[in-house]
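Engineer: You'll find coords05.cif just under this line, and it carries mmCIF, C-alpha atoms and all ligand atoms.
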```
data_structure
loop_
_atom_site.label_atom_id
_atom_site.label_comp_id
_atom_site.auth_asym_id
_atom_site.auth_seq_id
_atom_site.Cartn_x
_atom_site.Cartn_y
_atom_site.Cartn_z
CA MET T 212 -45.66 -28.44 -54.37
CA THR T 213 -42.59 -30.60 -53.69
CA ASP T 214 -41.11 -33.13 -56.12
CA THR T 215 -42.35 -35.96 -53.89
CA ILE T 216 -45.79 -35.90 -55.61
CA VAL T 217 -46.75 -37.71 -58.82
CA MET T 218 -49.84 -36.34 -60.55
CA PRO T 219 -52.48 -38.43 -62.45
CA ASP T 220 -51.66 -39.52 -66.01
CA ALA T 221 -53.47 -38.06 -69.05
CA SER T 222 -56.12 -40.79 -69.17
CA ALA T 223 -57.15 -40.24 -65.55
CA LEU T 224 -60.72 -39.41 -64.57
CA MET T 225 -60.98 -35.72 -63.60
CA GLU T 226 -63.32 -34.01 -61.14
CA GLY T 227 -65.76 -32.55 -63.70
CA ALA T 228 -66.25 -36.00 -65.28
CA ILE T 229 -67.76 -37.65 -62.18
CA ASP T 230 -71.34 -38.79 -62.83
CA PRO T 231 -73.43 -36.58 -60.47
CA HIS T 232 -75.77 -39.54 -59.78
CA LEU T 233 -72.93 -41.70 -58.47
CA ASP T 234 -73.24 -42.88 -54.87
CA LEU T 235 -69.74 -41.71 -53.94
CA GLU T 236 -69.65 -43.37 -50.52
CA ALA T 237 -70.66 -46.75 -52.00
CA GLU T 238 -68.12 -46.35 -54.84
CA ILE T 239 -65.34 -45.49 -52.38
CA ARG T 240 -66.18 -48.59 -50.32
CA ARG T 241 -66.19 -50.73 -53.49
CA LEU T 242 -62.85 -49.34 -54.74
CA ARG T 243 -61.27 -49.71 -51.31
CA LYS T 244 -62.06 -53.43 -51.38
CA GLU T 245 -61.11 -53.91 -55.04
CA LYS T 246 -57.72 -52.22 -54.57
CA ASN T 247 -57.01 -53.62 -51.09
CA ALA T 248 -56.71 -50.04 -49.87
CA VAL T 249 -56.84 -48.63 -46.35
CA ILE T 250 -58.25 -45.14 -45.78
CA LEU T 251 -56.61 -43.11 -43.00
CA ALA T 252 -58.10 -39.79 -41.88
CA HIS T 253 -56.86 -37.11 -39.52
CA TYR T 254 -59.34 -35.67 -36.99
CA TYR T 255 -59.27 -32.37 -38.94
CA GLN T 256 -60.91 -33.90 -42.04
CA ASP T 257 -64.55 -33.38 -42.97
CA GLY T 258 -66.95 -35.56 -40.95
CA GLU T 259 -68.04 -37.50 -44.07
CA ILE T 260 -64.42 -38.46 -44.76
CA GLN T 261 -63.79 -39.42 -41.11
CA ASP T 262 -66.88 -41.67 -41.25
CA LEU T 263 -65.61 -43.51 -44.34
CA ALA T 264 -62.08 -44.02 -43.01
CA ASP T 265 -60.79 -47.34 -41.68
CA PHE T 266 -58.89 -45.42 -39.07
CA VAL T 267 -59.16 -41.86 -37.70
CA GLY T 268 -56.33 -40.55 -35.55
CA ASP T 269 -53.72 -37.98 -34.58
CA SER T 270 -50.32 -37.64 -36.25
CA LEU T 271 -48.63 -40.28 -34.07
CA ASP T 272 -51.49 -42.79 -34.35
CA LEU T 273 -51.61 -42.36 -38.12
CA SER T 274 -47.83 -42.81 -38.44
CA ARG T 275 -48.09 -46.06 -36.53
CA LYS T 276 -51.12 -47.20 -38.47
CA ALA T 277 -49.36 -46.42 -41.75
CA ALA T 278 -46.46 -48.61 -40.63
CA ALA T 279 -48.64 -51.51 -39.50
CA THR T 280 -51.12 -51.82 -42.36
CA ASP T 281 -50.82 -54.73 -44.83
CA ALA T 282 -52.91 -53.03 -47.53
CA ASP T 283 -51.50 -52.53 -51.05
CA MET T 284 -52.63 -48.89 -51.10
CA ILE T 285 -52.78 -46.24 -48.37
CA VAL T 286 -55.21 -43.40 -49.04
CA PHE T 287 -54.13 -40.63 -46.72
CA CYS T 288 -56.87 -38.11 -45.98
CA GLY T 289 -54.78 -35.49 -44.26
CA VAL T 290 -52.04 -33.17 -45.39
CA ARG T 291 -48.99 -33.90 -47.52
CA PHE T 292 -46.43 -34.34 -44.74
CA MET T 293 -48.66 -37.06 -43.24
CA ALA T 294 -48.88 -38.94 -46.56
CA GLU T 295 -45.10 -38.59 -46.92
CA VAL T 296 -44.69 -40.25 -43.51
CA ALA T 297 -46.83 -43.16 -44.74
CA LYS T 298 -44.59 -43.56 -47.81
CA ILE T 299 -41.40 -43.28 -45.75
CA LEU T 300 -42.64 -46.09 -43.49
CA SER T 301 -44.21 -48.21 -46.26
CA PRO T 302 -42.10 -47.79 -49.42
CA GLN T 303 -43.55 -50.89 -51.09
CA LYS T 304 -47.13 -49.57 -50.86
CA THR T 305 -48.88 -47.11 -53.15
CA VAL T 306 -49.62 -43.98 -51.09
CA VAL T 307 -52.13 -41.48 -52.44
CA ILE T 308 -53.56 -38.20 -51.14
CA PRO T 309 -56.87 -36.73 -52.40
CA ASP T 310 -55.35 -33.28 -53.09
CA ALA T 311 -51.63 -32.83 -53.69
CA GLU T 312 -51.90 -29.15 -52.70
CA ALA T 313 -52.87 -30.04 -49.12
CA GLY T 314 -49.84 -28.52 -47.41
CA CYS T 315 -49.30 -26.94 -44.00
CA SER T 316 -48.19 -23.45 -42.91
CA LEU T 317 -45.65 -24.99 -40.54
CA GLU T 318 -44.09 -27.01 -43.36
CA ASP T 319 -44.06 -23.90 -45.59
CA SER T 320 -42.30 -21.85 -42.90
CA CYS T 321 -39.37 -24.25 -42.75
CA GLN T 322 -37.62 -24.79 -46.06
CA ALA T 323 -34.81 -27.34 -46.16
CA ALA T 324 -31.97 -24.95 -47.15
CA ALA T 325 -32.80 -22.44 -44.41
CA PHE T 326 -33.23 -25.23 -41.87
CA LYS T 327 -29.85 -26.70 -42.80
CA ALA T 328 -28.16 -23.32 -42.35
CA TRP T 329 -29.89 -22.87 -38.95
CA ARG T 330 -28.77 -26.29 -37.75
CA ALA T 331 -25.19 -25.55 -38.82
CA GLN T 332 -25.14 -22.62 -36.38
CA TYR T 333 -25.72 -25.02 -33.44
CA PRO T 334 -23.41 -28.01 -33.97
CA ASP T 335 -23.75 -29.23 -30.35
CA HIS T 336 -27.57 -29.24 -30.35
CA VAL T 337 -29.81 -32.22 -30.99
CA SER T 338 -32.48 -31.32 -33.52
CA LEU T 339 -36.05 -32.20 -32.52
CA THR T 340 -38.46 -31.54 -35.35
CA TYR T 341 -42.24 -31.57 -35.22
CA ILE T 342 -43.69 -34.05 -37.71
CA ASN T 343 -45.39 -31.10 -39.53
CA CYS T 344 -42.47 -30.64 -41.95
CA SER T 345 -41.29 -31.92 -45.32
CA ALA T 346 -39.40 -35.20 -45.88
CA GLU T 347 -36.33 -33.06 -46.73
CA VAL T 348 -36.43 -31.33 -43.32
CA LYS T 349 -37.02 -34.67 -41.58
CA ALA T 350 -33.89 -36.04 -43.25
CA LEU T 351 -31.92 -33.10 -41.79
CA SER T 352 -33.25 -33.72 -38.24
CA ASP T 353 -32.16 -36.01 -35.38
CA ILE T 354 -35.55 -36.97 -33.91
CA ILE T 355 -39.09 -36.32 -35.15
CA VAL T 356 -41.79 -35.64 -32.55
CA THR T 357 -45.56 -35.24 -32.57
CA SER T 358 -47.58 -33.14 -30.14
CA SER T 359 -48.43 -36.33 -28.23
CA SER T 360 -44.86 -37.69 -28.07
CA ALA T 361 -42.71 -34.52 -27.77
CA GLU T 362 -42.81 -34.03 -24.01
CA HIS T 363 -41.86 -37.66 -23.32
CA ILE T 364 -39.04 -37.59 -25.83
CA ILE T 365 -37.59 -34.34 -24.46
CA ASN T 366 -37.70 -35.75 -20.92
CA ALA T 367 -35.84 -38.86 -22.12
CA LEU T 368 -32.87 -36.76 -23.38
CA PRO T 369 -29.88 -36.14 -21.06
CA LYS T 370 -30.46 -32.99 -18.99
CA ASP T 371 -27.33 -31.27 -20.31
CA GLN T 372 -28.20 -31.93 -23.98
CA PRO T 373 -28.91 -28.63 -25.78
CA ILE T 374 -31.96 -28.81 -28.09
CA LEU T 375 -33.14 -27.14 -31.29
CA PHE T 376 -36.90 -27.28 -31.86
CA ALA T 377 -38.60 -26.61 -35.23
CA PRO T 378 -40.82 -25.48 -36.83
CA ASP T 379 -43.65 -24.52 -34.39
CA ARG T 380 -42.58 -21.83 -31.96
CA HIS T 381 -45.78 -22.03 -29.89
CA LEU T 382 -45.51 -25.80 -29.40
CA GLY T 383 -41.79 -25.31 -28.68
CA ALA T 384 -42.46 -22.61 -26.07
CA TYR T 385 -45.17 -24.78 -24.46
CA LEU T 386 -42.72 -27.70 -24.26
CA GLN T 387 -40.11 -25.43 -22.72
CA ARG T 388 -42.58 -24.47 -19.99
CA LYS T 389 -43.64 -28.12 -19.43
CA THR T 390 -40.16 -29.66 -19.35
CA GLY T 391 -38.11 -26.74 -18.00
CA ARG T 392 -35.69 -27.22 -20.93
CA ASP T 393 -34.25 -24.20 -22.67
CA MET T 394 -34.59 -24.85 -26.42
CA VAL T 395 -33.67 -22.76 -29.47
CA LEU T 396 -36.93 -22.33 -31.43
CA TRP T 397 -37.61 -21.99 -35.15
CA PRO T 398 -40.13 -19.14 -35.67
CA GLY T 399 -42.94 -21.05 -37.51
CA THR T 400 -46.65 -21.04 -36.61
CA CYS T 401 -49.89 -22.79 -37.57
CA ILE T 402 -52.24 -20.33 -39.31
CA VAL T 403 -55.26 -22.04 -37.73
CA HIS T 404 -54.23 -22.15 -34.07
CA GLU T 405 -52.74 -18.67 -34.22
CA GLN T 406 -56.07 -17.03 -35.01
CA PHE T 407 -57.98 -17.85 -31.82
CA SER T 408 -58.55 -14.91 -29.47
CA ALA T 409 -58.04 -15.26 -25.69
CA ARG T 410 -60.30 -12.22 -25.18
CA GLU T 411 -63.15 -13.79 -27.19
CA ILE T 412 -62.68 -17.18 -25.48
CA THR T 413 -62.95 -15.47 -22.09
CA ARG T 414 -66.09 -13.67 -23.30
CA MET T 415 -67.53 -17.01 -24.49
CA LYS T 416 -66.69 -18.57 -21.11
CA SER T 417 -68.70 -15.87 -19.33
CA GLN T 418 -71.70 -16.79 -21.54
CA HIS T 419 -71.21 -20.52 -20.75
CA PRO T 420 -69.78 -20.48 -17.22
CA GLY T 421 -69.57 -24.29 -16.96
CA ALA T 422 -67.68 -24.71 -20.23
CA LEU T 423 -64.13 -26.10 -20.05
CA VAL T 424 -61.54 -24.92 -22.57
CA ALA T 425 -59.52 -27.59 -24.41
CA ALA T 426 -56.61 -26.29 -26.51
CA HIS T 427 -53.95 -27.73 -28.81
CA PRO T 428 -50.35 -26.73 -27.94
CA GLU T 429 -49.95 -25.16 -31.40
CA CYS T 430 -51.97 -22.25 -29.89
CA PRO T 431 -50.13 -19.18 -28.58
CA GLU T 432 -49.44 -18.95 -24.84
CA SER T 433 -52.30 -16.46 -24.28
CA ILE T 434 -54.79 -19.19 -25.35
CA LEU T 435 -53.09 -21.95 -23.36
CA ASP T 436 -53.25 -19.67 -20.29
CA VAL T 437 -57.08 -19.72 -20.41
CA ALA T 438 -57.28 -23.47 -21.16
CA ASP T 439 -58.39 -26.14 -18.69
CA HIS T 440 -56.65 -28.81 -20.77
CA VAL T 441 -53.80 -28.67 -23.30
CA GLY T 442 -53.01 -31.67 -25.50
CA SER T 443 -52.71 -33.25 -28.93
CA THR T 444 -55.93 -34.02 -30.82
CA SER T 445 -56.25 -37.51 -29.30
CA GLN T 446 -55.42 -36.19 -25.82
CA ILE T 447 -58.12 -33.51 -26.18
CA LEU T 448 -60.62 -36.18 -27.26
CA LYS T 449 -59.75 -38.27 -24.21
CA PHE T 450 -60.12 -35.24 -21.93
CA VAL T 451 -63.58 -34.48 -23.31
CA HIS T 452 -64.63 -38.12 -23.03
CA ASP T 453 -63.36 -38.60 -19.46
CA SER T 454 -64.36 -35.17 -18.08
CA ALA T 455 -67.37 -34.76 -15.83
CA GLY T 456 -68.01 -31.45 -17.65
CA SER T 457 -70.80 -31.21 -20.20
CA GLU T 458 -69.78 -28.12 -22.21
CA PHE T 459 -66.45 -27.45 -23.92
CA ILE T 460 -64.82 -24.63 -25.88
CA VAL T 461 -62.57 -26.29 -28.44
CA ALA T 462 -59.41 -24.36 -29.40
CA THR T 463 -58.20 -26.52 -32.26
CA GLU T 464 -59.34 -27.28 -35.82
CA THR T 465 -63.15 -27.44 -35.69
CA HIS T 466 -63.65 -30.75 -37.55
CA ILE T 467 -62.46 -32.60 -34.45
CA ILE T 468 -65.87 -31.72 -32.99
CA HIS T 469 -67.40 -34.35 -35.30
CA GLN T 470 -65.45 -37.04 -33.43
CA MET T 471 -66.26 -35.46 -30.05
CA GLU T 472 -69.97 -35.54 -30.79
CA LYS T 473 -69.74 -39.23 -31.76
CA ASP T 474 -67.59 -40.09 -28.78
CA ALA T 475 -69.38 -38.04 -26.12
CA PRO T 476 -73.01 -37.72 -27.20
CA GLY T 477 -75.03 -35.31 -25.08
CA LYS T 478 -72.05 -33.03 -24.42
CA ILE T 479 -71.99 -29.60 -26.07
CA PHE T 480 -69.03 -28.20 -28.02
CA TYR T 481 -68.32 -24.61 -29.05
CA PRO T 482 -65.59 -23.87 -31.62
CA ALA T 483 -63.17 -21.32 -30.11
CA PRO T 484 -63.71 -17.87 -31.64
CA GLY T 485 -61.18 -15.70 -33.45
CA ALA T 486 -60.50 -12.00 -32.93
CA ASP T 487 -63.68 -10.93 -34.75
CA GLY T 488 -65.79 -13.29 -32.64
CA GLY T 489 -66.46 -15.54 -35.66
CA CYS T 490 -65.40 -19.18 -35.82
CA ASP T 491 -64.34 -19.79 -39.46
CA CYS T 492 -60.81 -19.21 -38.16
CA GLY T 493 -60.81 -22.78 -36.83
CA ASN T 494 -60.93 -24.40 -40.28
CA CYS T 495 -57.66 -25.57 -41.80
CA PRO T 496 -57.73 -24.51 -45.48
CA PHE T 497 -55.25 -27.26 -46.38
CA MET T 498 -57.23 -30.09 -44.81
CA ALA T 499 -60.37 -28.68 -46.47
CA LEU T 500 -58.89 -29.31 -49.94
CA ASN T 501 -59.61 -33.03 -49.51
CA THR T 502 -63.20 -33.77 -50.53
CA LEU T 503 -65.25 -36.93 -51.06
CA GLU T 504 -64.99 -36.40 -54.85
CA LYS T 505 -61.20 -36.19 -54.71
CA LEU T 506 -61.06 -39.22 -52.43
CA TYR T 507 -63.04 -41.17 -55.04
CA LEU T 508 -60.77 -39.89 -57.82
CA CYS T 509 -57.52 -40.72 -56.07
CA LEU T 510 -58.71 -44.28 -55.43
CA THR T 511 -59.75 -44.57 -59.10
CA ASN T 512 -56.57 -43.03 -60.56
CA ALA T 513 -54.07 -44.21 -57.91
CA ALA T 514 -52.89 -40.58 -57.94
CA PRO T 515 -51.80 -38.02 -56.81
CA ARG T 516 -49.19 -40.45 -55.56
CA ILE T 517 -46.35 -39.86 -53.12
CA GLU T 518 -43.00 -40.92 -54.56
CA MET T 519 -39.55 -39.98 -53.30
CA PRO T 520 -35.92 -40.84 -53.99
CA GLU T 521 -34.70 -43.75 -51.83
CA ASP T 522 -31.86 -41.74 -50.25
CA LEU T 523 -34.36 -39.08 -49.12
CA ARG T 524 -36.71 -41.75 -47.76
CA LEU T 525 -33.93 -43.45 -45.80
CA GLY T 526 -32.71 -40.10 -44.46
CA ALA T 527 -36.21 -39.21 -43.23
CA LEU T 528 -36.87 -42.71 -41.88
CA LYS T 529 -34.04 -42.56 -39.34
CA PRO T 530 -35.37 -39.70 -37.16
CA LEU T 531 -38.95 -40.97 -37.56
CA GLN T 532 -37.94 -44.42 -36.41
CA ARG T 533 -36.21 -42.86 -33.39
CA MET T 534 -39.52 -41.28 -32.45
CA LEU T 535 -41.45 -44.52 -32.90
CA ASP T 536 -38.82 -46.36 -30.82
CA MET T 537 -38.78 -43.73 -28.06
CA ALA T 538 -42.49 -42.82 -27.85
CA PRO T 539 -43.81 -46.14 -26.51
CA LYS T 540 -40.97 -46.42 -23.99
CA ALA T 541 -41.73 -42.93 -22.73
CA LYS T 542 -45.43 -43.79 -22.58
CA ARG T 543 -44.77 -46.94 -20.52
CA ALA T 544 -42.60 -44.90 -18.16
CA GLN T 545 -45.41 -42.33 -17.81
CA ASP T 546 -48.02 -45.03 -17.17
CA ALA T 547 -45.83 -46.58 -14.48
CA ALA T 548 -45.28 -43.21 -12.72
P1 LIG T 601 -51.98 -33.90 -33.73
O1 LIG T 601 -53.11 -34.67 -34.37
O2 LIG T 601 -50.76 -34.75 -33.61
O3 LIG T 601 -52.38 -33.30 -32.42
O4 LIG T 601 -51.55 -32.70 -34.75
C1 LIG T 601 -52.37 -31.66 -35.08
C2 LIG T 601 -52.02 -31.05 -36.39
O5 LIG T 601 -51.81 -29.90 -36.52
C3 LIG T 601 -51.99 -31.85 -37.57
O6 LIG T 601 -51.72 -31.03 -38.62
FE1 LIG T 602 -50.76 -27.35 -40.65
FE2 LIG T 602 -52.19 -25.99 -38.88
FE3 LIG T 602 -53.44 -27.15 -40.91
FE4 LIG T 602 -52.37 -28.67 -38.96
S1 LIG T 602 -54.07 -27.21 -38.75
S2 LIG T 602 -52.19 -28.99 -41.17
S3 LIG T 602 -50.57 -27.44 -38.42
S4 LIG T 602 -51.94 -25.47 -41.05
#
```
Render the structure in this file as structure tokens.
Ligand code: 13P
Ligand code: SF4
Structural biologist:
Amino acid sequence: MTDTIVMPDASALMEGAIDPHLDLEAEIRRLRKEKNAVILAHYYQDGEIQDLADFVGDSLDLSRKAAATDADMIVFCGVRFMAEVAKILSPQKTVVIPDAEAGCSLEDSCQAAAFKAWRAQYPDHVSLTYINCSAEVKALSDIIVTSSSAEHIINALPKDQPILFAPDRHLGAYLQRKTGRDMVLWPGTCIVHEQFSAREITRMKSQHPGALVAAHPECPESILDVADHVGSTSQILKFVHDSAGSEFIVATETHIIHQMEKDAPGKIFYPAPGADGGCDCGNCPFMALNTLEKLYLCLTNAAPRIEMPEDLRLGALKPLQRMLDMAPKAKRAQDAA
């Protein structure tokens, strides 16, 4: 755990002390009102948490939402780097996360000291860093990107500008293929998206010949090669909603299917299988640490809380703000094309 987390104080209510008869959903709604809190949830959270949230979204949507909210408290149901982004953008607000251990394999793969040494080897390169990283790594980067903003931001850079991309090598390689830009890639991966099997997806497709494959660009190239659509979580949701197809194989974290079923009732969704043909591989163990009980506790205790030194926050804000400034412009340009 990083030093950007503050744990509950000694008098805080702990998990074992929750009255088992408590209506947790009702209590969470009551506390949200009482504390003027807003609950944000990523699409990879449990369905019951998504249903309680004021806003469910992808990394870019949630960053924007975190910046725009006028609540006193942001309860971030997602992983730590997402809650850090909320704090970086809203320093005056209390930002809490249900489980402080909710990390990310991409963040873990890219420690600040190693990243700094890597950057120093390429002084002429601009450093584009996927939002799935720590505040420390953000502060060492030039521009932060999400899976829904990266392509637009790369295309907005001068053609002769050399680029470093960290920490997801599969997303980086996908962006290289999409934009034709030659980037130096950090070798990190997402443990969830890396486990899907192209062979098993192809086998599943032969059992459901009409099914379309939707994949997140954190998947390896072999999976993206068998996909009918590649996009961020919100782009995948839009594809499923707009498509004339009625069956889909979903190669991203399985909890997004909850939102797909709400958004496109009547359509059928199959979680993409892993190498053993099973589908537990699609569950992010970090996202799964956040439960309804811990959501109730973090609202009650106002902890675990994200705190960070002001110089770190300002350092991380700069490249994040560049993304937020560039992403809408790139989107308008795309819409006009
Ligand atoms: P997006 O929601 O931006 O597609 O990101 C997926 C992800 O891996 C979040 O951890
Ligand atoms: Fe990180 Fe992958 Fe989990 Fe997203 S799904 S939080 S990238 S480990």
Engineer: Can you tell me which residues surround Phe407 of chain T at a distance of at most 8 Å, considering only C-alpha atoms, apart from same-chain residues fewer than 3 positions away, and format the answer as a ChimeraX atom specification?
Structural biologist: /T:403-404,412,430,434,462,483-486,492-493
Engineer: Would you please work out which residue, of T:His253, T:His336, T:Lys505, T:Lys327, is nearest to Pro309 of chain T when using all atoms listed in the file?
Structural biologist: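 For Pro309 of chain T, the nearest of the candidates is T:Lys505.
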Engineer: I'd like a table as a tab-separated table: residues in chain T with an atom no more than 8 Å from ligand LIG 602 (chain T), each row giving the shortest atom pair and its distance in Å to one decimal, only C-alpha atoms and all ligand atoms counted, sorted by chain and rising residue number.
Structural biologist:
```
residue	atom	partner	partner_atom	distance
T:Tyr255	CA	T:LIG602	S1	7.3
T:Gly289	CA	T:LIG602	S2	7.6
T:Val290	CA	T:LIG602	S2	5.9
T:Gly314	CA	T:LIG602	S2	6.7
T:Cys315	CA	T:LIG602	FE1	3.7
T:Ser316	CA	T:LIG602	S4	4.6
T:Leu317	CA	T:LIG602	FE1	5.6
T:Glu318	CA	T:LIG602	FE1	7.2
T:Asn343	CA	T:LIG602	S3	6.4
T:Thr400	CA	T:LIG602	S3	7.7
T:Cys401	CA	T:LIG602	FE2	4.2
T:Ile402	CA	T:LIG602	S4	5.4
T:Val403	CA	T:LIG602	FE2	5.1
T:His404	CA	T:LIG602	FE2	6.5
T:Glu429	CA	T:LIG602	S3	7.4
T:Thr463	CA	T:LIG602	S1	7.7
T:Glu464	CA	T:LIG602	S1	6.0
T:Asn494	CA	T:LIG602	S1	7.6
T:Cys495	CA	T:LIG602	FE3	4.6
T:Pro496	CA	T:LIG602	FE3	6.8
T:Phe497	CA	T:LIG602	FE3	5.8
T:Met498	CA	T:LIG602	FE3	6.2
```
Engineer: Mind giving me the straight-line distance from atom CA of Arg241 of chain T to atom CA of Leu263 of chain T in Å, one decimal?
Structural biologist: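 Here the two named atoms are 11.7 Å from each other.
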Engineer: Give me, as a PyMOL selection string, the set of residues whose atoms come within 6 Å of any atom of ligand LIG 601 (chain T), counting all atoms listed in the file.
Structural biologist: chain T and resi 269-271+357-358+443-444
Engineer: Box for segment 517-523 of chain T - axis-aligned, 5 Å on each of the six sides, all listed atoms - centre and size in Å to one decimal, as JSON.
Structural biologist:
```
{"center_x": -39.1, "center_y": -41.4, "center_z": -51.8, "size_x": 24.5, "size_y": 14.7, "size_z": 15.4}
```
Engineer: Please report the interatomic distance between atom CA of Leu339 of chain T and atom CA of Ala278 of chain T in Å with one decimal.
Structural biologist: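 Computing the Euclidean distance for atom CA of Leu339 of chain T and atom CA of Ala278 of chain T yields 21.1 Å.
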Engineer: Report, in Å to a single decimal, how far apart atom CA of Asp436 of chain T and atom CA of Thr465 of chain T are.
Structural biologist: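 For atom CA of Thr465 of chain T relative to atom CA of Asp436 of chain T, the distance reads 19.9 Å.
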Engineer: Counting all atoms listed in the file, which of T:Val337, T:Met284, T:Leu251, T:Ala279 gets nearest to Gln372 of chain T?
Structural biologist: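 Using all atoms listed in the file, the shortest distance to Gln372 of chain T belongs to T:Val337.
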Engineer: If we count all atoms listed in the file, what is near segment 518-534 of chain T at a cut-off of 8 Å, once residues fewer than 2 positions away on the same chain are taken out, given as a list in words?
Structural biologist: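 Within the cut-off, the hits are Asp214, Thr215, Ile216, Val217, Lys298, Ile299, Leu300, Ala346, Glu347, Val348, Lys349, Ala350, Leu351, Ser352, Asp353, Ile354, Ile355, Val356, Ser360, Ile364, Arg516, Asp536, Met537 and Ala538 of chain T.
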Engineer: Within 9 Å of Met218 of chain T, counting all atoms listed in the file, which residues qualify if same-chain residues fewer than 5 places away don't, as a list of chain:residue names?
Structural biologist: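 My list of contacting residues is T:Ala311, T:Ala514, T:Pro515, T:Arg516, T:Ile517.
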Engineer: With a distance cut-off of 9 Å and all atoms listed in the file, select the neighbouring residues of Asn247 of chain T, excluding the residue or stretch itself and same-chain residues fewer than 6 positions from it, and output the selection as a ChimeraX atom specification.
Structural biologist: /T:281-285
Engineer: With all atoms listed in the file as the atoms that count, which of T:Ile479, T:Ala313, T:Lys304, T:Val395 lies nearest to Gln256 of chain T?
Structural biologist: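 Of all the options, T:Ala313 lies closest to Gln256 of chain T.
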Engineer: Can you tell me, as a count of residues only, what residues are no more than 10 Å from Asp453 of chain T when counting all atoms listed in the file, ignoring any on the same chain fewer than 5 positions away?
Structural biologist: 3
Engineer: Select, from T:Tyr254, T:Arg392, T:Leu506, T:Arg330, the residue with the minimum atom-to-atom distance to Gln446 of chain T, counting only C-alpha atoms.
Structural biologist: T:Tyr254
Engineer: Between T:Ala248, T:Ala409, T:Cys509, T:Leu396, which residue has the minimum interatomic distance to Ser433 of chain T, considering all atoms listed in the file?
Structural biologist: T:Ala409
Engineer: Which residue, T:Ala425, T:Gly258, T:Glu362, T:Leu242, has the smallest gap to Glu472 of chain T when you use only C-alpha atoms?
Structural biologist: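 Nearest to Glu472 of chain T: T:Gly258.
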Engineer: Supply segment 363-377 of chain T as a short mmCIF file (atom, residue, chain, number, x, y, z; two decimals), in the coordinates of the input, with N, CA and C atoms built in where the input has gaps.
Structural biologist:
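Okay, this is what ended up in part-v5.cif:
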```cif
data_model
loop_
_atom_site.label_atom_id
_atom_site.label_comp_id
_atom_site.auth_asym_id
_atom_site.auth_seq_id
_atom_site.Cartn_x
_atom_site.Cartn_y
_atom_site.Cartn_z
N HIS T 363 -42.52 -36.44 -23.80
CA HIS T 363 -41.86 -37.66 -23.32
C HIS T 363 -40.46 -37.79 -23.91
N ILE T 364 -40.34 -37.44 -25.17
CA ILE T 364 -39.04 -37.59 -25.83
C ILE T 364 -38.04 -36.57 -25.26
N ILE T 365 -38.49 -35.35 -25.03
CA ILE T 365 -37.59 -34.34 -24.46
C ILE T 365 -37.12 -34.80 -23.07
N ASN T 366 -38.06 -35.31 -22.28
CA ASN T 366 -37.70 -35.75 -20.92
C ASN T 366 -36.74 -36.95 -20.93
N ALA T 367 -36.73 -37.69 -22.04
CA ALA T 367 -35.84 -38.86 -22.12
C ALA T 367 -34.41 -38.46 -22.54
N LEU T 368 -34.21 -37.20 -22.96
CA LEU T 368 -32.87 -36.76 -23.38
C LEU T 368 -32.05 -36.35 -22.15
N PRO T 369 -30.72 -36.57 -22.20
CA PRO T 369 -29.88 -36.14 -21.06
C PRO T 369 -30.12 -34.67 -20.73
N LYS T 370 -30.12 -34.35 -19.46
CA LYS T 370 -30.46 -32.99 -18.99
C LYS T 370 -29.53 -31.91 -19.55
N ASP T 371 -28.28 -32.29 -19.83
CA ASP T 371 -27.33 -31.27 -20.31
C ASP T 371 -27.27 -31.21 -21.85
N GLN T 372 -28.19 -31.91 -22.52
CA GLN T 372 -28.20 -31.93 -23.98
C GLN T 372 -28.91 -30.69 -24.54
N PRO T 373 -28.20 -29.77 -25.19
CA PRO T 373 -28.91 -28.63 -25.78
C PRO T 373 -29.80 -29.06 -26.96
N ILE T 374 -30.94 -28.37 -27.12
CA ILE T 374 -31.96 -28.81 -28.09
C ILE T 374 -32.36 -27.67 -29.03
N LEU T 375 -32.51 -28.04 -30.30
CA LEU T 375 -33.14 -27.14 -31.29
C LEU T 375 -34.54 -27.68 -31.52
N PHE T 376 -35.54 -26.80 -31.60
CA PHE T 376 -36.90 -27.28 -31.86
C PHE T 376 -37.50 -26.50 -33.03
N ALA T 377 -38.00 -27.23 -34.04
CA ALA T 377 -38.60 -26.61 -35.23
C ALA T 377 -39.84 -27.43 -35.61
#
```
